[in-house]
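**Q** Contents are JSON, N, CA and C atoms; file name entry29.json:
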```json
[["chain", "number", "residue", "atom", "x", "y", "z"],
["A", 1, "MET", "N", -52.85, 106.97, -28.33],
["A", 1, "MET", "CA", -53.79, 106.42, -29.28],
["A", 1, "MET", "C", -53.37, 106.72, -30.72],
["A", 2, "PHE", "N", -52.85, 107.93, -30.97],
["A", 2, "PHE", "CA", -52.47, 108.31, -32.32],
["A", 2, "PHE", "C", -50.97, 108.49, -32.41],
["A", 3, "SER", "N", -50.47, 108.15, -33.58],
["A", 3, "SER", "CA", -49.04, 108.37, -33.80],
["A", 3, "SER", "C", -48.80, 109.84, -34.08],
["A", 4, "SER", "N", -47.56, 110.27, -33.96],
["A", 4, "SER", "CA", -47.25, 111.67, -34.21],
["A", 4, "SER", "C", -47.53, 112.04, -35.66],
["A", 5, "SER", "N", -47.44, 111.10, -36.58],
["A", 5, "SER", "CA", -47.72, 111.40, -37.98],
["A", 5, "SER", "C", -49.19, 111.74, -38.18],
["A", 6, "VAL", "N", -50.07, 111.15, -37.40],
["A", 6, "VAL", "CA", -51.49, 111.46, -37.51],
["A", 6, "VAL", "C", -51.76, 112.84, -36.92],
["A", 7, "ARG", "N", -51.17, 113.13, -35.78],
["A", 7, "ARG", "CA", -51.39, 114.43, -35.13],
["A", 7, "ARG", "C", -50.83, 115.56, -35.96],
["A", 8, "ASN", "N", -49.79, 115.31, -36.75],
["A", 8, "ASN", "CA", -49.13, 116.36, -37.51],
["A", 8, "ASN", "C", -49.41, 116.26, -39.01],
["A", 9, "MET", "N", -50.60, 115.78, -39.36],
["A", 9, "MET", "CA", -50.90, 115.59, -40.78],
["A", 9, "MET", "C", -50.98, 116.93, -41.49],
["A", 10, "ASP", "N", -50.67, 116.92, -42.78],
["A", 10, "ASP", "CA", -50.74, 118.10, -43.62],
["A", 10, "ASP", "C", -52.16, 118.22, -44.15],
["A", 11, "PRO", "N", -52.92, 119.22, -43.71],
["A", 11, "PRO", "CA", -54.31, 119.33, -44.15],
["A", 11, "PRO", "C", -54.45, 119.58, -45.64],
["A", 12, "ALA", "N", -53.39, 120.02, -46.30],
["A", 12, "ALA", "CA", -53.43, 120.29, -47.73],
["A", 12, "ALA", "C", -53.35, 119.00, -48.55],
["A", 13, "SER", "N", -53.03, 117.91, -47.90],
["A", 13, "SER", "CA", -52.88, 116.62, -48.59],
["A", 13, "SER", "C", -54.11, 115.76, -48.33],
["A", 14, "PRO", "N", -55.04, 115.69, -49.29],
["A", 14, "PRO", "CA", -56.27, 114.92, -49.07],
["A", 14, "PRO", "C", -56.02, 113.45, -48.78],
["A", 15, "SER", "N", -55.05, 112.84, -49.43],
["A", 15, "SER", "CA", -54.80, 111.42, -49.21],
["A", 15, "SER", "C", -54.26, 111.19, -47.80],
["A", 16, "GLU", "N", -53.44, 112.11, -47.31],
["A", 16, "GLU", "CA", -52.91, 111.98, -45.95],
["A", 16, "GLU", "C", -54.03, 112.19, -44.93],
["A", 17, "ALA", "N", -54.91, 113.15, -45.20],
["A", 17, "ALA", "CA", -56.04, 113.39, -44.31],
["A", 17, "ALA", "C", -56.97, 112.18, -44.30],
["A", 18, "GLU", "N", -57.23, 111.62, -45.45],
["A", 18, "GLU", "CA", -58.10, 110.45, -45.54],
["A", 18, "GLU", "C", -57.50, 109.26, -44.79],
["A", 19, "ALA", "N", -56.21, 109.07, -44.93],
["A", 19, "ALA", "CA", -55.54, 107.97, -44.22],
["A", 19, "ALA", "C", -55.60, 108.19, -42.71],
["A", 20, "ALA", "N", -55.43, 109.43, -42.28],
["A", 20, "ALA", "CA", -55.50, 109.74, -40.85],
["A", 20, "ALA", "C", -56.90, 109.47, -40.31],
["A", 21, "VAL", "N", -57.92, 109.84, -41.08],
["A", 21, "VAL", "CA", -59.30, 109.58, -40.66],
["A", 21, "VAL", "C", -59.55, 108.09, -40.57],
["A", 22, "LYS", "N", -59.06, 107.34, -41.53],
["A", 22, "LYS", "CA", -59.25, 105.87, -41.51],
["A", 22, "LYS", "C", -58.60, 105.26, -40.26],
["A", 23, "ARG", "N", -57.41, 105.73, -39.92],
["A", 23, "ARG", "CA", -56.74, 105.21, -38.71],
["A", 23, "ARG", "C", -57.53, 105.59, -37.46],
["A", 24, "TYR", "N", -58.02, 106.81, -37.43],
["A", 24, "TYR", "CA", -58.81, 107.27, -36.29],
["A", 24, "TYR", "C", -60.09, 106.44, -36.16],
["A", 25, "MET", "N", -60.76, 106.22, -37.28],
["A", 25, "MET", "CA", -62.01, 105.44, -37.26],
["A", 25, "MET", "C", -61.75, 104.01, -36.81],
["A", 26, "GLN", "N", -60.65, 103.44, -37.21],
["A", 26, "GLN", "CA", -60.30, 102.08, -36.78],
["A", 26, "GLN", "C", -60.10, 102.05, -35.27],
["A", 27, "ALA", "N", -59.44, 103.07, -34.72],
["A", 27, "ALA", "CA", -59.22, 103.14, -33.27],
["A", 27, "ALA", "C", -60.55, 103.28, -32.53],
["A", 28, "VAL", "N", -61.45, 104.11, -33.06],
["A", 28, "VAL", "CA", -62.76, 104.29, -32.43],
["A", 28, "VAL", "C", -63.55, 102.99, -32.50],
["A", 29, "LYS", "N", -63.51, 102.34, -33.64],
["A", 29, "LYS", "CA", -64.25, 101.08, -33.82],
["A", 29, "LYS", "C", -63.86, 100.04, -32.79],
["A", 30, "GLN", "N", -62.58, 99.98, -32.47],
["A", 30, "GLN", "CA", -62.10, 99.00, -31.49],
["A", 30, "GLN", "C", -62.60, 99.29, -30.08],
["A", 31, "GLU", "N", -62.92, 100.55, -29.81],
["A", 31, "GLU", "CA", -63.37, 100.94, -28.48],
["A", 31, "GLU", "C", -64.88, 100.87, -28.30],
["A", 32, "LEU", "N", -65.62, 100.72, -29.39],
["A", 32, "LEU", "CA", -67.08, 100.67, -29.28],
["A", 32, "LEU", "C", -67.55, 99.30, -28.80],
["A", 33, "HIS", "N", -68.45, 99.31, -27.86],
["A", 33, "HIS", "CA", -69.00, 98.07, -27.32],
["A", 33, "HIS", "C", -70.51, 98.12, -27.44],
["A", 34, "CYS", "N", -70.98, 97.83, -28.65],
["A", 34, "CYS", "CA", -72.41, 97.84, -28.93],
["A", 34, "CYS", "C", -72.66, 96.84, -30.06],
["A", 35, "SER", "N", -73.92, 96.74, -30.46],
["A", 35, "SER", "CA", -74.26, 95.79, -31.52],
["A", 35, "SER", "C", -73.61, 96.21, -32.84],
["A", 36, "LYS", "N", -73.48, 95.24, -33.73],
["A", 36, "LYS", "CA", -72.86, 95.52, -35.03],
["A", 36, "LYS", "C", -73.65, 96.58, -35.79],
["A", 37, "ALA", "N", -74.97, 96.51, -35.72],
["A", 37, "ALA", "CA", -75.81, 97.48, -36.42],
["A", 37, "ALA", "C", -75.59, 98.89, -35.87],
["A", 38, "GLN", "N", -75.56, 99.03, -34.55],
["A", 38, "GLN", "CA", -75.33, 100.33, -33.94],
["A", 38, "GLN", "C", -73.94, 100.86, -34.28],
["A", 39, "LYS", "N", -72.96, 99.97, -34.23],
["A", 39, "LYS", "CA", -71.58, 100.35, -34.52],
["A", 39, "LYS", "C", -71.46, 100.84, -35.97],
["A", 40, "THR", "N", -72.06, 100.11, -36.89],
["A", 40, "THR", "CA", -72.00, 100.47, -38.30],
["A", 40, "THR", "C", -72.63, 101.84, -38.54],
["A", 41, "LEU", "N", -73.81, 102.06, -37.96],
["A", 41, "LEU", "CA", -74.50, 103.33, -38.12],
["A", 41, "LEU", "C", -73.68, 104.47, -37.52],
["A", 42, "PHE", "N", -73.20, 104.29, -36.30],
["A", 42, "PHE", "CA", -72.42, 105.32, -35.63],
["A", 42, "PHE", "C", -71.17, 105.68, -36.43],
["A", 43, "LEU", "N", -70.43, 104.66, -36.87],
["A", 43, "LEU", "CA", -69.19, 104.91, -37.60],
["A", 43, "LEU", "C", -69.44, 105.60, -38.94],
["A", 44, "ARG", "N", -70.51, 105.22, -39.62],
["A", 44, "ARG", "CA", -70.84, 105.85, -40.90],
["A", 44, "ARG", "C", -71.16, 107.34, -40.68],
["A", 45, "GLN", "N", -71.97, 107.62, -39.67],
["A", 45, "GLN", "CA", -72.33, 109.01, -39.39],
["A", 45, "GLN", "C", -71.12, 109.82, -38.94],
["A", 46, "MET", "N", -70.29, 109.21, -38.12],
["A", 46, "MET", "CA", -69.10, 109.92, -37.64],
["A", 46, "MET", "C", -68.14, 110.22, -38.78],
["A", 47, "GLU", "N", -67.92, 109.25, -39.65],
["A", 47, "GLU", "CA", -67.01, 109.45, -40.77],
["A", 47, "GLU", "C", -67.54, 110.55, -41.69],
["A", 48, "ASP", "N", -68.85, 110.54, -41.96],
["A", 48, "ASP", "CA", -69.45, 111.59, -42.78],
["A", 48, "ASP", "C", -69.24, 112.97, -42.14],
["A", 49, "SER", "N", -69.43, 113.04, -40.83],
["A", 49, "SER", "CA", -69.25, 114.30, -40.11],
["A", 49, "SER", "C", -67.80, 114.78, -40.18],
["A", 50, "ILE", "N", -66.88, 113.86, -40.03],
["A", 50, "ILE", "CA", -65.45, 114.23, -40.07],
["A", 50, "ILE", "C", -65.08, 114.76, -41.45],
["A", 51, "PHE", "N", -65.50, 114.07, -42.51],
["A", 51, "PHE", "CA", -65.15, 114.51, -43.85],
["A", 51, "PHE", "C", -65.84, 115.82, -44.21],
["A", 52, "THR", "N", -67.06, 116.04, -43.70],
["A", 52, "THR", "CA", -67.73, 117.32, -43.90],
["A", 52, "THR", "C", -66.95, 118.43, -43.21],
["A", 53, "TYR", "N", -66.52, 118.18, -41.99],
["A", 53, "TYR", "CA", -65.74, 119.17, -41.25],
["A", 53, "TYR", "C", -64.44, 119.50, -41.98],
["A", 54, "ILE", "N", -63.76, 118.47, -42.45],
["A", 54, "ILE", "CA", -62.49, 118.68, -43.16],
["A", 54, "ILE", "C", -62.72, 119.49, -44.44],
["A", 55, "SER", "N", -63.79, 119.18, -45.16],
["A", 55, "SER", "CA", -64.05, 119.91, -46.40],
["A", 55, "SER", "C", -64.41, 121.37, -46.15],
["A", 56, "GLU", "N", -65.04, 121.65, -45.01],
["A", 56, "GLU", "CA", -65.43, 123.02, -44.67],
["A", 56, "GLU", "C", -64.32, 123.80, -43.97],
["A", 57, "ASN", "N", -63.33, 123.10, -43.44],
["A", 57, "ASN", "CA", -62.24, 123.72, -42.69],
["A", 57, "ASN", "C", -60.92, 123.23, -43.24],
["A", 58, "SER", "N", -60.43, 123.88, -44.25],
["A", 58, "SER", "CA", -59.24, 123.40, -44.96],
["A", 58, "SER", "C", -57.98, 123.37, -44.09],
["A", 59, "THR", "N", -57.98, 124.08, -42.98],
["A", 59, "THR", "CA", -56.80, 124.07, -42.11],
["A", 59, "THR", "C", -56.98, 123.14, -40.92],
["A", 60, "ALA", "N", -57.97, 122.27, -40.98],
["A", 60, "ALA", "CA", -58.25, 121.35, -39.87],
["A", 60, "ALA", "C", -57.08, 120.40, -39.64],
["A", 61, "SER", "N", -56.87, 120.05, -38.39],
["A", 61, "SER", "CA", -55.85, 119.08, -38.01],
["A", 61, "SER", "C", -56.48, 118.03, -37.10],
["A", 62, "MET", "N", -55.75, 116.98, -36.79],
["A", 62, "MET", "CA", -56.27, 115.96, -35.89],
["A", 62, "MET", "C", -56.55, 116.53, -34.50],
["A", 63, "ALA", "N", -55.87, 117.57, -34.13],
["A", 63, "ALA", "CA", -56.10, 118.19, -32.82],
["A", 63, "ALA", "C", -57.47, 118.85, -32.74],
["A", 64, "ASP", "N", -58.02, 119.23, -33.90],
["A", 64, "ASP", "CA", -59.34, 119.87, -33.93],
["A", 64, "ASP", "C", -60.40, 118.84, -33.66]]
```
Write out the structure in this file as structure tokens.
**A**
Amino acid sequence: MFSSSVRNMDPASPSEAEAAVKRYMQAVKQELHCSKAQKTLFLRQMEDSIFTYISENSTASMAD
């Protein structure tokens, strides 16, 4: 599902982390089978949670 570049992202690089999250969210979006409203809400909440986790855990990686 993820390329090796996503799995081995440098957590010190915010732009790389943001790009990795965007790719991950795109992959999740393709797998969701629900209404557009539910999908939008879920993805927004998930993205917020991911960025909160990254901001609180500076050494976070895609494996986390």
**Q** Could you tell me how far atom CA of Ser58 of chain A sits from atom CA of Leu41 of chain A, in Å to one decimal place?
**A**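 Rounded to one decimal, the two atoms are 26.1 Å apart.
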**Q** Mind pulling up the distance from atom CA of Tyr24 of chain A to atom CA of Lys39 of chain A?
**A** 14.6 Å
**Q** To one decimal place, how far is atom CA of Val21 of chain A from atom CA of Asn57 of chain A in Å?
**A**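 Value for the atom CA of Val21 of chain A-atom CA of Asn57 of chain A distance: 14.6 Å.
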**Q** Identify, with DSSP run on backbone atoms, the residues in segment 9-63 of chain A assigned to alpha helix (DSSP H), and express the list as a short mmCIF file (atom, residue, chain, number, x, y, z; two decimals) with N, CA and C atoms, in the coordinates of the input.
**A**
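Final output, result17.cif:
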```cif
data_model
loop_
_atom_site.label_atom_id
_atom_site.label_comp_id
_atom_site.auth_asym_id
_atom_site.auth_seq_id
_atom_site.Cartn_x
_atom_site.Cartn_y
_atom_site.Cartn_z
N PRO A 14 -55.04 115.69 -49.29
CA PRO A 14 -56.27 114.92 -49.07
C PRO A 14 -56.02 113.45 -48.78
N SER A 15 -55.05 112.84 -49.43
CA SER A 15 -54.80 111.42 -49.21
C SER A 15 -54.26 111.19 -47.80
N GLU A 16 -53.44 112.11 -47.31
CA GLU A 16 -52.91 111.98 -45.95
C GLU A 16 -54.03 112.19 -44.93
N ALA A 17 -54.91 113.15 -45.20
CA ALA A 17 -56.04 113.39 -44.31
C ALA A 17 -56.97 112.18 -44.30
N GLU A 18 -57.23 111.62 -45.45
CA GLU A 18 -58.10 110.45 -45.54
C GLU A 18 -57.50 109.26 -44.79
N ALA A 19 -56.21 109.07 -44.93
CA ALA A 19 -55.54 107.97 -44.22
C ALA A 19 -55.60 108.19 -42.71
N ALA A 20 -55.43 109.43 -42.28
CA ALA A 20 -55.50 109.74 -40.85
C ALA A 20 -56.90 109.47 -40.31
N VAL A 21 -57.92 109.84 -41.08
CA VAL A 21 -59.30 109.58 -40.66
C VAL A 21 -59.55 108.09 -40.57
N LYS A 22 -59.06 107.34 -41.53
CA LYS A 22 -59.25 105.87 -41.51
C LYS A 22 -58.60 105.26 -40.26
N ARG A 23 -57.41 105.73 -39.92
CA ARG A 23 -56.74 105.21 -38.71
C ARG A 23 -57.53 105.59 -37.46
N TYR A 24 -58.02 106.81 -37.43
CA TYR A 24 -58.81 107.27 -36.29
C TYR A 24 -60.09 106.44 -36.16
N MET A 25 -60.76 106.22 -37.28
CA MET A 25 -62.01 105.44 -37.26
C MET A 25 -61.75 104.01 -36.81
N GLN A 26 -60.65 103.44 -37.21
CA GLN A 26 -60.30 102.08 -36.78
C GLN A 26 -60.10 102.05 -35.27
N ALA A 27 -59.44 103.07 -34.72
CA ALA A 27 -59.22 103.14 -33.27
C ALA A 27 -60.55 103.28 -32.53
N VAL A 28 -61.45 104.11 -33.06
CA VAL A 28 -62.76 104.29 -32.43
C VAL A 28 -63.55 102.99 -32.50
N LYS A 29 -63.51 102.34 -33.64
CA LYS A 29 -64.25 101.08 -33.82
C LYS A 29 -63.86 100.04 -32.79
N GLN A 30 -62.58 99.98 -32.47
CA GLN A 30 -62.10 99.00 -31.49
C GLN A 30 -62.60 99.29 -30.08
N GLU A 31 -62.92 100.55 -29.81
CA GLU A 31 -63.37 100.94 -28.48
C GLU A 31 -64.88 100.87 -28.30
N LYS A 36 -73.48 95.24 -33.73
CA LYS A 36 -72.86 95.52 -35.03
C LYS A 36 -73.65 96.58 -35.79
N ALA A 37 -74.97 96.51 -35.72
CA ALA A 37 -75.81 97.48 -36.42
C ALA A 37 -75.59 98.89 -35.87
N GLN A 38 -75.56 99.03 -34.55
CA GLN A 38 -75.33 100.33 -33.94
C GLN A 38 -73.94 100.86 -34.28
N LYS A 39 -72.96 99.97 -34.23
CA LYS A 39 -71.58 100.35 -34.52
C LYS A 39 -71.46 100.84 -35.97
N THR A 40 -72.06 100.11 -36.89
CA THR A 40 -72.00 100.47 -38.30
C THR A 40 -72.63 101.84 -38.54
N LEU A 41 -73.81 102.06 -37.96
CA LEU A 41 -74.50 103.33 -38.12
C LEU A 41 -73.68 104.47 -37.52
N PHE A 42 -73.20 104.29 -36.30
CA PHE A 42 -72.42 105.32 -35.63
C PHE A 42 -71.17 105.68 -36.43
N LEU A 43 -70.43 104.66 -36.87
CA LEU A 43 -69.19 104.91 -37.60
C LEU A 43 -69.44 105.60 -38.94
N ARG A 44 -70.51 105.22 -39.62
CA ARG A 44 -70.84 105.85 -40.90
C ARG A 44 -71.16 107.34 -40.68
N GLN A 45 -71.97 107.62 -39.67
CA GLN A 45 -72.33 109.01 -39.39
C GLN A 45 -71.12 109.82 -38.94
N MET A 46 -70.29 109.21 -38.12
CA MET A 46 -69.10 109.92 -37.64
C MET A 46 -68.14 110.22 -38.78
N GLU A 47 -67.92 109.25 -39.65
CA GLU A 47 -67.01 109.45 -40.77
C GLU A 47 -67.54 110.55 -41.69
N ASP A 48 -68.85 110.54 -41.96
CA ASP A 48 -69.45 111.59 -42.78
C ASP A 48 -69.24 112.97 -42.14
N SER A 49 -69.43 113.04 -40.83
CA SER A 49 -69.25 114.30 -40.11
C SER A 49 -67.80 114.78 -40.18
N ILE A 50 -66.88 113.86 -40.03
CA ILE A 50 -65.45 114.23 -40.07
C ILE A 50 -65.08 114.76 -41.45
N PHE A 51 -65.50 114.07 -42.51
CA PHE A 51 -65.15 114.51 -43.85
C PHE A 51 -65.84 115.82 -44.21
N THR A 52 -67.06 116.04 -43.70
CA THR A 52 -67.73 117.32 -43.90
C THR A 52 -66.95 118.43 -43.21
N TYR A 53 -66.52 118.18 -41.99
CA TYR A 53 -65.74 119.17 -41.25
C TYR A 53 -64.44 119.50 -41.98
N ILE A 54 -63.76 118.47 -42.45
CA ILE A 54 -62.49 118.68 -43.16
C ILE A 54 -62.72 119.49 -44.44
N SER A 55 -63.79 119.18 -45.16
CA SER A 55 -64.05 119.91 -46.40
C SER A 55 -64.41 121.37 -46.15
N GLU A 56 -65.04 121.65 -45.01
CA GLU A 56 -65.43 123.02 -44.67
C GLU A 56 -64.32 123.80 -43.97
#
```
